[in-house]
file query12.cif (mmCIF, C-alpha atoms)
data_protein
loop_
_atom_site.group_PDB
_atom_site.id
_atom_site.type_symbol
_atom_site.label_atom_id
_atom_site.label_comp_id
_atom_site.auth_asym_id
_atom_site.auth_seq_id
_atom_site.Cartn_x
_atom_site.Cartn_y
_atom_site.Cartn_z
ATOM 1 C CA MET A 1 -10.177 7.435 -3.218
ATOM 2 C CA PRO A 2 -7.128 6.409 -1.099
ATOM 3 C CA THR A 3 -5.345 9.239 0.672
ATOM 4 C CA VAL A 4 -1.630 9.814 1.093
ATOM 5 C CA ARG A 5 -2.059 8.531 4.647
ATOM 6 C CA ASP A 6 -3.638 5.300 3.378
ATOM 7 C CA ALA A 7 -0.753 4.790 0.956
ATOM 8 C CA ALA A 8 1.800 5.595 3.659
ATOM 9 C CA LEU A 9 0.238 3.059 6.035
ATOM 10 C CA ASP A 10 0.506 0.425 3.292
ATOM 11 C CA VAL A 11 4.209 1.263 2.925
ATOM 12 C CA MET A 12 4.653 0.975 6.681
ATOM 13 C CA ARG A 13 3.042 -2.459 6.665
ATOM 14 C CA ARG A 14 5.230 -3.578 3.763
ATOM 15 C CA HIS A 15 8.356 -2.626 5.689
ATOM 16 C CA ASP A 16 7.114 -3.942 9.061
ATOM 17 C CA LEU A 17 6.921 -0.449 10.561
ATOM 18 C CA THR A 18 3.634 -0.979 12.360
ATOM 19 C CA THR A 19 4.843 0.120 15.820
ATOM 20 C CA VAL A 20 4.958 3.918 16.158
ATOM 21 C CA PHE A 21 7.056 5.536 18.918
ATOM 22 C CA ALA A 22 5.975 9.134 19.490
ATOM 23 C CA ASN A 23 5.394 12.175 21.671
ATOM 24 C CA PRO A 24 3.072 13.880 19.195
ATOM 25 C CA GLY A 25 1.917 17.455 18.862
ATOM 26 C CA SER A 26 -0.503 19.370 16.658
ATOM 27 C CA THR A 27 1.292 18.726 13.372
ATOM 28 C CA GLU A 28 0.974 14.955 13.872
ATOM 29 C CA VAL A 29 -2.752 14.860 14.646
ATOM 30 C CA PRO A 30 -3.911 14.301 11.017
ATOM 31 C CA PHE A 31 -1.756 11.174 10.833
ATOM 32 C CA LEU A 32 -2.785 9.782 14.224
ATOM 33 C CA VAL A 33 -6.563 10.285 14.211
ATOM 34 C CA GLY A 34 -8.299 6.919 13.831
ATOM 35 C CA LEU A 35 -5.193 4.783 13.455
ATOM 36 C CA PRO A 36 -6.039 1.282 12.143
ATOM 37 C CA GLY A 37 -6.073 -1.543 14.666
ATOM 38 C CA ASP A 38 -2.908 -3.154 13.290
ATOM 39 C CA ILE A 39 -0.831 -0.029 14.049
ATOM 40 C CA ARG A 40 0.584 -0.088 17.585
ATOM 41 C CA PHE A 41 1.185 3.291 19.235
ATOM 42 C CA VAL A 42 3.847 3.700 21.955
ATOM 43 C CA LEU A 43 3.721 7.020 23.819
ATOM 44 C CA ALA A 44 6.700 8.588 25.616
ATOM 45 C CA LEU A 45 6.784 11.963 27.330
ATOM 46 C CA HIS A 46 10.067 13.292 25.928
ATOM 47 C CA GLU A 47 11.582 12.935 22.474
ATOM 48 C CA GLY A 48 14.818 11.559 23.915
ATOM 49 C CA SER A 49 12.804 8.710 25.410
ATOM 50 C CA VAL A 50 10.882 8.257 22.157
ATOM 51 C CA VAL A 51 14.045 7.811 20.097
ATOM 52 C CA GLY A 52 15.746 5.821 22.869
ATOM 53 C CA ALA A 53 12.892 3.302 23.030
ATOM 54 C CA ALA A 54 12.784 3.008 19.240
ATOM 55 C CA THR A 55 16.564 2.550 19.132
ATOM 56 C CA GLY A 56 16.411 -0.344 21.583
ATOM 57 C CA TYR A 57 13.504 -1.885 19.665
ATOM 58 C CA ALA A 58 15.339 -1.599 16.335
ATOM 59 C CA LEU A 59 18.561 -3.106 17.673
ATOM 60 C CA ALA A 60 16.734 -5.940 19.448
ATOM 61 C CA ARG A 61 14.831 -7.026 16.361
ATOM 62 C CA GLU A 62 17.590 -6.102 13.876
ATOM 63 C CA ALA A 63 15.171 -4.146 11.676
ATOM 64 C CA PRO A 64 14.065 -0.522 11.324
ATOM 65 C CA ALA A 65 11.724 1.055 13.874
ATOM 66 C CA LEU A 66 9.369 3.980 13.244
ATOM 67 C CA VAL A 67 9.575 7.283 15.139
ATOM 68 C CA LEU A 68 7.091 10.164 14.881
ATOM 69 C CA LEU A 69 8.387 13.562 16.061
ATOM 70 C CA HIS A 70 6.691 16.926 16.484
ATOM 71 C CA THR A 71 8.069 19.568 14.100
ATOM 72 C CA THR A 72 10.816 21.977 15.289
ATOM 73 C CA ALA A 73 10.441 21.556 19.043
ATOM 74 C CA GLY A 74 10.184 17.771 18.963
ATOM 75 C CA LEU A 75 13.005 17.223 16.486
ATOM 76 C CA GLY A 76 15.205 19.660 18.410
ATOM 77 C CA ASN A 77 14.656 17.723 21.626
ATOM 78 C CA ALA A 78 15.473 14.469 19.829
ATOM 79 C CA VAL A 79 18.789 15.443 18.207
ATOM 80 C CA GLY A 80 20.974 14.047 20.990
ATOM 81 C CA ALA A 81 19.165 10.706 20.896
ATOM 82 C CA LEU A 82 19.340 10.640 17.093
ATOM 83 C CA ALA A 83 23.106 11.166 17.328
ATOM 84 C CA THR A 84 23.306 8.214 19.716
ATOM 85 C CA ALA A 85 21.197 6.100 17.354
ATOM 86 C CA ARG A 86 23.579 6.929 14.507
ATOM 87 C CA VAL A 87 26.651 5.964 16.552
ATOM 88 C CA ASN A 88 24.962 2.738 17.644
ATOM 89 C CA ARG A 89 23.971 1.981 14.038
ATOM 90 C CA ALA A 90 20.274 1.732 14.894
ATOM 91 C CA PRO A 91 18.011 1.735 11.815
ATOM 92 C CA LEU A 92 15.219 4.260 12.375
ATOM 93 C CA VAL A 93 12.599 5.744 10.068
ATOM 94 C CA VAL A 94 11.762 9.147 11.555
ATOM 95 C CA LEU A 95 8.653 11.028 10.432
ATOM 96 C CA VAL A 96 8.815 14.690 11.427
ATOM 97 C CA GLY A 97 5.667 16.809 11.380
ATOM 98 C CA GLN A 98 5.661 20.176 9.649
ATOM 99 C CA GLN A 99 3.108 22.981 9.480
ATOM 100 C CA ASP A 100 0.484 23.048 6.719
ATOM 101 C CA ARG A 101 2.244 23.182 3.337
ATOM 102 C CA ARG A 102 -0.032 26.056 2.197
ATOM 103 C CA HIS A 103 1.142 28.254 5.092
ATOM 104 C CA LEU A 104 4.896 27.627 4.991
ATOM 105 C CA VAL A 105 5.661 30.678 2.882
ATOM 106 C CA GLN A 106 4.415 32.799 5.810
ATOM 107 C CA GLU A 107 6.799 31.060 8.252
ATOM 108 C CA PRO A 108 4.075 30.179 10.780
ATOM 109 C CA PHE A 109 4.655 29.280 14.415
ATOM 110 C CA LEU A 110 6.379 25.866 14.852
ATOM 111 C CA ALA A 111 7.577 25.758 11.252
ATOM 112 C CA GLY A 112 11.300 25.694 10.585
ATOM 113 C CA ASP A 113 14.202 24.491 8.466
ATOM 114 C CA LEU A 114 13.780 20.927 9.674
ATOM 115 C CA GLU A 115 16.156 19.328 7.166
ATOM 116 C CA GLN A 116 19.087 21.177 8.751
ATOM 117 C CA LEU A 117 18.067 20.866 12.389
ATOM 118 C CA ALA A 118 19.465 17.370 12.989
ATOM 119 C CA GLY A 119 22.779 18.196 11.313
ATOM 120 C CA ASP A 120 24.793 15.290 9.937
ATOM 121 C CA HIS A 121 23.340 12.686 12.284
ATOM 122 C CA PRO A 122 20.656 11.295 9.925
ATOM 123 C CA VAL A 123 21.796 8.942 7.167
ATOM 124 C CA ARG A 124 19.155 10.518 4.935
ATOM 125 C CA THR A 125 16.796 13.508 5.169
ATOM 126 C CA GLU A 126 14.015 14.251 2.697
ATOM 127 C CA THR A 127 11.139 16.701 2.439
ATOM 128 C CA PRO A 128 8.880 15.377 -0.342
ATOM 129 C CA PRO A 129 8.126 18.136 -2.872
ATOM 130 C CA ARG A 130 4.463 17.030 -3.122
ATOM 131 C CA ALA A 131 2.081 15.294 -0.765
ATOM 132 C CA GLN A 132 1.847 12.376 -3.203
ATOM 133 C CA ASP A 133 5.587 11.785 -2.819
ATOM 134 C CA VAL A 134 5.335 11.008 0.908
ATOM 135 C CA PRO A 135 4.765 7.201 0.630
ATOM 136 C CA GLY A 136 7.763 6.792 -1.665
ATOM 137 C CA ALA A 137 9.912 8.898 0.653
ATOM 138 C CA ILE A 138 8.996 6.635 3.571
ATOM 139 C CA ALA A 139 9.949 3.565 1.542
ATOM 140 C CA ARG A 140 13.283 5.124 0.588
ATOM 141 C CA ALA A 141 13.892 6.048 4.224
ATOM 142 C CA ALA A 142 13.260 2.440 5.265
ATOM 143 C CA HIS A 143 15.884 1.212 2.805
ATOM 144 C CA ALA A 144 18.365 3.924 3.857
ATOM 145 C CA ALA A 145 17.884 3.140 7.554
ATOM 146 C CA ARG A 146 18.426 -0.572 6.934
ATOM 147 C CA THR A 147 21.432 -0.328 4.611
ATOM 148 C CA LEU A 148 23.229 2.683 6.140
ATOM 149 C CA ARG A 149 22.340 1.723 9.733
ATOM 150 C CA GLY A 150 21.055 4.961 11.178
ATOM 151 C CA PRO A 151 18.086 7.350 11.395
ATOM 152 C CA ALA A 152 16.479 8.395 8.096
ATOM 153 C CA LEU A 153 14.180 11.445 8.319
ATOM 154 C CA VAL A 154 11.094 12.315 6.286
ATOM 155 C CA VAL A 155 9.534 15.748 6.905
ATOM 156 C CA VAL A 156 5.770 15.693 6.279
ATOM 157 C CA PRO A 157 3.551 18.823 6.271
ATOM 158 C CA MET A 158 0.402 18.117 8.270
ATOM 159 C CA ASP A 159 -2.042 18.663 5.379
ATOM 160 C CA ASP A 160 -0.265 16.102 3.172
ATOM 161 C CA TRP A 161 -1.889 13.114 4.879
ATOM 162 C CA ALA A 162 -5.393 14.013 3.655
ATOM 163 C CA GLN A 163 -4.423 14.595 0.019
ATOM 164 C CA PRO A 164 -5.424 12.029 -2.627
ATOM 165 C CA ALA A 165 -2.766 9.429 -3.350
ATOM 166 C CA GLU A 166 -1.545 8.614 -6.844
ATOM 167 C CA GLU A 167 -2.223 5.257 -8.446
ATOM 168 C CA VAL A 168 1.320 4.891 -9.776
ATOM 169 C CA PRO A 169 4.162 2.499 -8.910
ATOM 170 C CA LEU A 170 5.984 3.398 -5.718
ATOM 171 C CA PRO A 171 9.262 5.225 -6.545
ATOM 172 C CA ALA A 172 11.352 2.949 -4.342
ATOM 173 C CA PRO A 173 12.573 -0.665 -4.577
ATOM 174 C CA ASP A 174 10.244 -3.349 -3.240
ATOM 175 C CA ALA A 175 13.249 -5.063 -1.657
ATOM 176 C CA LEU A 176 17.039 -4.813 -1.585
ATOM 177 C CA ARG A 177 19.294 -7.845 -1.845
ATOM 178 C CA LEU A 178 22.620 -7.156 -0.171
ATOM 179 C CA PRO A 179 25.765 -9.301 -0.343
ATOM 180 C CA GLY A 180 26.171 -11.515 2.691
ATOM 181 C CA SER A 181 29.943 -11.983 2.588
ATOM 182 C CA ALA A 182 33.148 -10.100 1.947
ATOM 183 C CA ASP A 183 35.168 -10.269 -1.251
ATOM 184 C CA PRO A 184 37.360 -13.443 -1.044
ATOM 185 C CA GLU A 185 40.431 -11.613 -2.360
ATOM 186 C CA ALA A 186 40.087 -8.909 0.299
ATOM 187 C CA VAL A 187 39.729 -11.569 3.011
ATOM 188 C CA ALA A 188 42.871 -13.344 1.773
ATOM 189 C CA GLU A 189 44.820 -10.074 1.791
ATOM 190 C CA VAL A 190 43.783 -9.239 5.371
ATOM 191 C CA ALA A 191 44.556 -12.804 6.482
ATOM 192 C CA ALA A 192 48.044 -12.536 5.015
ATOM 193 C CA LEU A 193 48.674 -9.234 6.783
ATOM 194 C CA LEU A 194 47.582 -10.730 10.092
ATOM 195 C CA HIS A 195 49.736 -13.811 9.574
ATOM 196 C CA GLU A 196 52.828 -11.659 8.996
ATOM 197 C CA ALA A 197 52.122 -9.230 11.840
ATOM 198 C CA SER A 198 54.304 -9.515 14.950
ATOM 199 C CA ALA A 199 51.928 -7.792 17.403
ATOM 200 C CA PRO A 200 48.457 -7.322 15.868
ATOM 201 C CA ALA A 201 45.687 -5.471 17.717
ATOM 202 C CA LEU A 202 41.994 -5.121 16.937
ATOM 203 C CA VAL A 203 40.164 -1.795 16.918
ATOM 204 C CA VAL A 204 36.431 -2.507 17.159
ATOM 205 C CA GLY A 205 33.583 -0.069 16.532
ATOM 206 C CA ALA A 206 29.837 -0.060 17.121
ATOM 207 C CA GLY A 207 29.263 -2.039 13.922
ATOM 208 C CA ALA A 208 30.469 -5.158 15.736
ATOM 209 C CA ASP A 209 27.657 -5.001 18.279
ATOM 210 C CA ASP A 210 25.712 -8.084 17.229
ATOM 211 C CA PRO A 211 26.126 -11.712 18.396
ATOM 212 C CA GLY A 212 27.538 -13.135 15.154
ATOM 213 C CA THR A 213 30.190 -10.470 14.674
ATOM 214 C CA TRP A 214 31.125 -10.467 18.357
ATOM 215 C CA HIS A 215 31.637 -14.248 18.326
ATOM 216 C CA ALA A 216 33.829 -14.026 15.218
ATOM 217 C CA LEU A 217 35.915 -11.198 16.700
ATOM 218 C CA THR A 218 36.380 -13.146 19.925
ATOM 219 C CA ARG A 219 37.707 -16.146 17.988
ATOM 220 C CA LEU A 220 40.017 -13.903 15.966
ATOM 221 C CA ALA A 221 41.391 -12.132 19.052
ATOM 222 C CA GLU A 222 41.993 -15.439 20.838
ATOM 223 C CA ARG A 223 43.711 -16.995 17.825
ATOM 224 C CA PHE A 224 46.221 -14.142 17.517
ATOM 225 C CA ASP A 225 46.350 -13.378 21.260
ATOM 226 C CA ALA A 226 45.571 -9.795 20.229
ATOM 227 C CA PRO A 227 44.420 -6.942 22.478
ATOM 228 C CA VAL A 228 41.096 -5.368 21.559
ATOM 229 C CA TRP A 229 40.517 -1.606 21.675
ATOM 230 C CA GLN A 230 36.976 -0.239 21.565
#

call {"tool": "encode", "arguments": {"input": "query12.cif", "output": "structure tokens"}}
result
Amino acid sequence: MPTVRDAALDVMRRHDLTTVFANPGSTEVPFLVGLPGDIRFVLALHEGSVVGAATGYALAREAPALVLLHTTAGLGNAVGALATARVNRAPLVVLVGQQDRRHLVQEPFLAGDLEQLAGDHPVRTETPPRAQDVPGAIARAAHAARTLRGPALVVVPMDDWAQPAEEVPLPAPDALRLPGSADPEAVAEVAALLHEASAPALVVGAGADDPGTWHALTRLAERFDAPVWQ
């Protein structure tokens, strides 16, 4: 019978999350033992480097990258890099190990309130209520990372991976179709404001950091001879 890990790996393949950036610890061992040959593992020696490498990979390919972090200590070390990933609008799916679900009531060593540890930096944080909910949570995290442009966290107790998976439809969309252009009326309104402005200026954020947007902003700034503040 397929395990939760088998189902999660299928979700990872579906969302092109087959490169894993990690500095793993004990709570990640059940996921990592005997990884299939199509899963590429990238090891770094500090969680800041793990998230930094995944951030660069995600931005370069314009698609989510997968990060695997070690419970409280690993996630704590990664918070600064996760904050940077959020500011840079890097889509990351972040799996965070947790102690065995059966032991959590005893507050064992390395367990913790992981959902709160990263603060407001993640675009989504979820601890699946059952082991069988892990694959769906990963799929939802992939969509959140892609659409909200930031790190989406899934906390997974270490014993979940070996549990039997459910043969039910995945509780997440297979694909999302997003609009590729702005509302024409809104564009016309902004164009009219710019046309009437005597000294327009552009204030540009991290969301403009891709070639297409940068080219369009350059043309706009040159047309209106406008200064650009970033």

call {"tool": "closest_residue", "arguments": {"input": "query12.cif", "among": "A:Ala111, A:Ala145, A:Leu95, A:Val42", "to": "A:Pro128", "atoms": "only C-alpha atoms"}}
result
A:Leu95

call {"tool": "closest_residue", "arguments": {"input": "query12.cif", "among": "A:Glu189, A:Gly212, A:Pro129, A:Gly205", "to": "A:Val228", "atoms": "only C-alpha atoms"}}
result
A:Gly205

call {"tool": "axis_aligned_box", "arguments": {"input": "query12.cif", "around": "stretch 30-46 of chain A", "padding_each_side": "4 Å", "output": "JSON"}}
result
{"center_x": 0.9, "center_y": 5.6, "center_z": 19.1, "size_x": 26.4, "size_y": 25.5, "size_z": 24.5}

call {"tool": "resolve_selection", "arguments": {"input": "query12.cif", "expression": "the PyMOL selection byres ((chain A and resi 98) around 6)", "output": "number ranges by chain"}}
result
A: 27, 71, 97, 99, 156-158

call {"tool": "residues_around", "arguments": {"input": "query12.cif", "residues": "A:Thr127", "least_positions_apart": "4", "cutoff": "9 Å", "atoms": "all atoms listed in the file", "output": "list in words"}}
result
Leu114, Glu115, Val134, Ala137, Leu153, Val154, Val155, Val156 and Pro157 of chain A

call {"tool": "residues_near_point", "arguments": {"input": "query12.cif", "point": "(33.9, -3.5, 19.8)", "cutoff": "12 Å", "atoms": "all atoms listed in the file", "output": "ChimeraX atom specification"}}
result
/A:88,202-211,213-218,221,227-230

call {"tool": "closest_residue", "arguments": {"input": "query12.cif", "among": "A:Gln106, A:Thr84, A:Gln163, A:Asn77", "to": "A:Gly56", "atoms": "all atoms listed in the file"}}
result
A:Thr84

call {"tool": "closest_residue", "arguments": {"input": "query12.cif", "among": "A:Val79, A:Ala144, A:Val187, A:Val33", "to": "A:Pro173", "atoms": "only C-alpha atoms"}}
result
A:Ala144

call {"tool": "atom_distance", "arguments": {"input": "query12.cif", "atom1": "atom CA of A:Gly74", "atom2": "atom CA of A:Arg14"}}
result
26.7 Å

call {"tool": "resolve_selection", "arguments": {"input": "query12.cif", "expression": "the PyMOL selection byres ((chain A and resi 118) around 10)", "output": "ChimeraX atom specification"}}
result
/A:75-80,82-83,113-117,119-122,125,153

call {"tool": "atom_distance", "arguments": {"input": "query12.cif", "atom1": "atom CA of A:Gly112", "atom2": "atom CA of A:Leu43"}}
result
24.1 Å

call {"tool": "atom_distance", "arguments": {"input": "query12.cif", "atom1": "atom CA of A:Arg101", "atom2": "atom CA of A:Asp159"}}
result
6.6 Å

call {"tool": "resolve_selection", "arguments": {"input": "query12.cif", "expression": "the PyMOL selection byres ((chain A and resi 5-10) around 7)", "output": "list in words"}}
result
Pro2, Thr3, Val4, Val11, Met12, Arg13, Arg14, Phe31, Pro135, Trp161, Ala162 and Ala165 of chain A

call {"tool": "closest_residue", "arguments": {"input": "query12.cif", "among": "A:Arg89, A:Arg102, A:His195, A:His143", "to": "A:Leu178", "atoms": "only C-alpha atoms"}}
result
A:His143

call {"tool": "closest_residue", "arguments": {"input": "query12.cif", "among": "A:Glu167, A:Asp133, A:Ala58, A:Ala139", "to": "A:Met1", "atoms": "only C-alpha atoms"}}
result
A:Glu167

call {"tool": "residues_around", "arguments": {"input": "query12.cif", "residues": "A:Ala22", "least_positions_apart": "3", "cutoff": "9 Å", "atoms": "only C-alpha atoms", "output": "PDB file with C-alpha atoms, in the coordinates of the input"}}
result
ATOM      1  CA  PHE A  41       1.185   3.291  19.235  1.00  0.00           C
ATOM      2  CA  VAL A  42       3.847   3.700  21.955  1.00  0.00           C
ATOM      3  CA  LEU A  43       3.721   7.020  23.819  1.00  0.00           C
ATOM      4  CA  ALA A  44       6.700   8.588  25.616  1.00  0.00           C
ATOM      5  CA  LEU A  45       6.784  11.963  27.330  1.00  0.00           C
ATOM      6  CA  HIS A  46      10.067  13.292  25.928  1.00  0.00           C
ATOM      7  CA  GLU A  47      11.582  12.935  22.474  1.00  0.00           C
ATOM      8  CA  VAL A  50      10.882   8.257  22.157  1.00  0.00           C
ATOM      9  CA  VAL A  51      14.045   7.811  20.097  1.00  0.00           C
ATOM     10  CA  LEU A  66       9.369   3.980  13.244  1.00  0.00           C
ATOM     11  CA  VAL A  67       9.575   7.283  15.139  1.00  0.00           C
ATOM     12  CA  LEU A  68       7.091  10.164  14.881  1.00  0.00           C
ATOM     13  CA  LEU A  69       8.387  13.562  16.061  1.00  0.00           C
ATOM     14  CA  HIS A  70       6.691  16.926  16.484  1.00  0.00           C
TER      15      HIS A  70
END

call {"tool": "residues_around", "arguments": {"input": "query12.cif", "residues": "stretch 222-226 of chain A", "least_positions_apart": "2", "cutoff": "6 Å", "atoms": "only C-alpha atoms", "output": "number ranges by chain"}}
result
A: 200-201, 219-220

call {"tool": "build_atoms", "arguments": {"input": "query12.cif", "residues": "stretch 210-221 of chain A", "atoms": "N, CA, C and O atoms", "output": "PDB file, in the coordinates of the input"}}
result
ATOM      1  N   ASP A 210      26.749  -7.079  17.417  1.00  0.00           N
ATOM      2  CA  ASP A 210      25.712  -8.084  17.229  1.00  0.00           C
ATOM      3  C   ASP A 210      26.341  -9.443  17.527  1.00  0.00           C
ATOM      4  O   ASP A 210      27.567  -9.604  17.450  1.00  0.00           O
ATOM      5  N   PRO A 211      25.559 -10.442  17.900  1.00  0.00           N
ATOM      6  CA  PRO A 211      26.126 -11.712  18.396  1.00  0.00           C
ATOM      7  C   PRO A 211      27.065 -12.400  17.415  1.00  0.00           C
ATOM      8  O   PRO A 211      28.126 -12.900  17.804  1.00  0.00           O
ATOM      9  N   GLY A 212      26.697 -12.440  16.123  1.00  0.00           N
ATOM     10  CA  GLY A 212      27.538 -13.135  15.154  1.00  0.00           C
ATOM     11  C   GLY A 212      28.902 -12.494  14.988  1.00  0.00           C
ATOM     12  O   GLY A 212      29.942 -13.176  15.018  1.00  0.00           O
ATOM     13  N   THR A 213      28.919 -11.177  14.842  1.00  0.00           N
ATOM     14  CA  THR A 213      30.190 -10.470  14.674  1.00  0.00           C
ATOM     15  C   THR A 213      31.028 -10.547  15.941  1.00  0.00           C
ATOM     16  O   THR A 213      32.255 -10.729  15.889  1.00  0.00           O
ATOM     17  N   TRP A 214      30.389 -10.425  17.087  1.00  0.00           N
ATOM     18  CA  TRP A 214      31.125 -10.467  18.357  1.00  0.00           C
ATOM     19  C   TRP A 214      31.785 -11.834  18.552  1.00  0.00           C
ATOM     20  O   TRP A 214      32.932 -11.923  18.988  1.00  0.00           O
ATOM     21  N   HIS A 215      31.076 -12.898  18.208  1.00  0.00           N
ATOM     22  CA  HIS A 215      31.637 -14.248  18.326  1.00  0.00           C
ATOM     23  C   HIS A 215      32.839 -14.405  17.400  1.00  0.00           C
ATOM     24  O   HIS A 215      33.882 -14.959  17.808  1.00  0.00           O
ATOM     25  N   ALA A 216      32.722 -13.908  16.165  1.00  0.00           N
ATOM     26  CA  ALA A 216      33.829 -14.026  15.218  1.00  0.00           C
ATOM     27  C   ALA A 216      35.037 -13.214  15.685  1.00  0.00           C
ATOM     28  O   ALA A 216      36.187 -13.682  15.591  1.00  0.00           O
ATOM     29  N   LEU A 217      34.812 -12.015  16.214  1.00  0.00           N
ATOM     30  CA  LEU A 217      35.915 -11.198  16.700  1.00  0.00           C
ATOM     31  C   LEU A 217      36.594 -11.840  17.910  1.00  0.00           C
ATOM     32  O   LEU A 217      37.821 -11.767  18.053  1.00  0.00           O
ATOM     33  N   THR A 218      35.802 -12.457  18.757  1.00  0.00           N
ATOM     34  CA  THR A 218      36.380 -13.146  19.925  1.00  0.00           C
ATOM     35  C   THR A 218      37.307 -14.265  19.472  1.00  0.00           C
ATOM     36  O   THR A 218      38.432 -14.412  19.991  1.00  0.00           O
ATOM     37  N   ARG A 219      36.862 -15.048  18.508  1.00  0.00           N
ATOM     38  CA  ARG A 219      37.707 -16.146  17.988  1.00  0.00           C
ATOM     39  C   ARG A 219      38.979 -15.594  17.358  1.00  0.00           C
ATOM     40  O   ARG A 219      40.070 -16.160  17.529  1.00  0.00           O
ATOM     41  N   LEU A 220      38.849 -14.484  16.619  1.00  0.00           N
ATOM     42  CA  LEU A 220      40.017 -13.903  15.966  1.00  0.00           C
ATOM     43  C   LEU A 220      41.013 -13.375  17.003  1.00  0.00           C
ATOM     44  O   LEU A 220      42.229 -13.615  16.903  1.00  0.00           O
ATOM     45  N   ALA A 221      40.505 -12.679  18.016  1.00  0.00           N
ATOM     46  CA  ALA A 221      41.391 -12.132  19.052  1.00  0.00           C
ATOM     47  C   ALA A 221      42.097 -13.245  19.816  1.00  0.00           C
ATOM     48  O   ALA A 221      43.293 -13.141  20.127  1.00  0.00           O
TER      49      ALA A 221
END
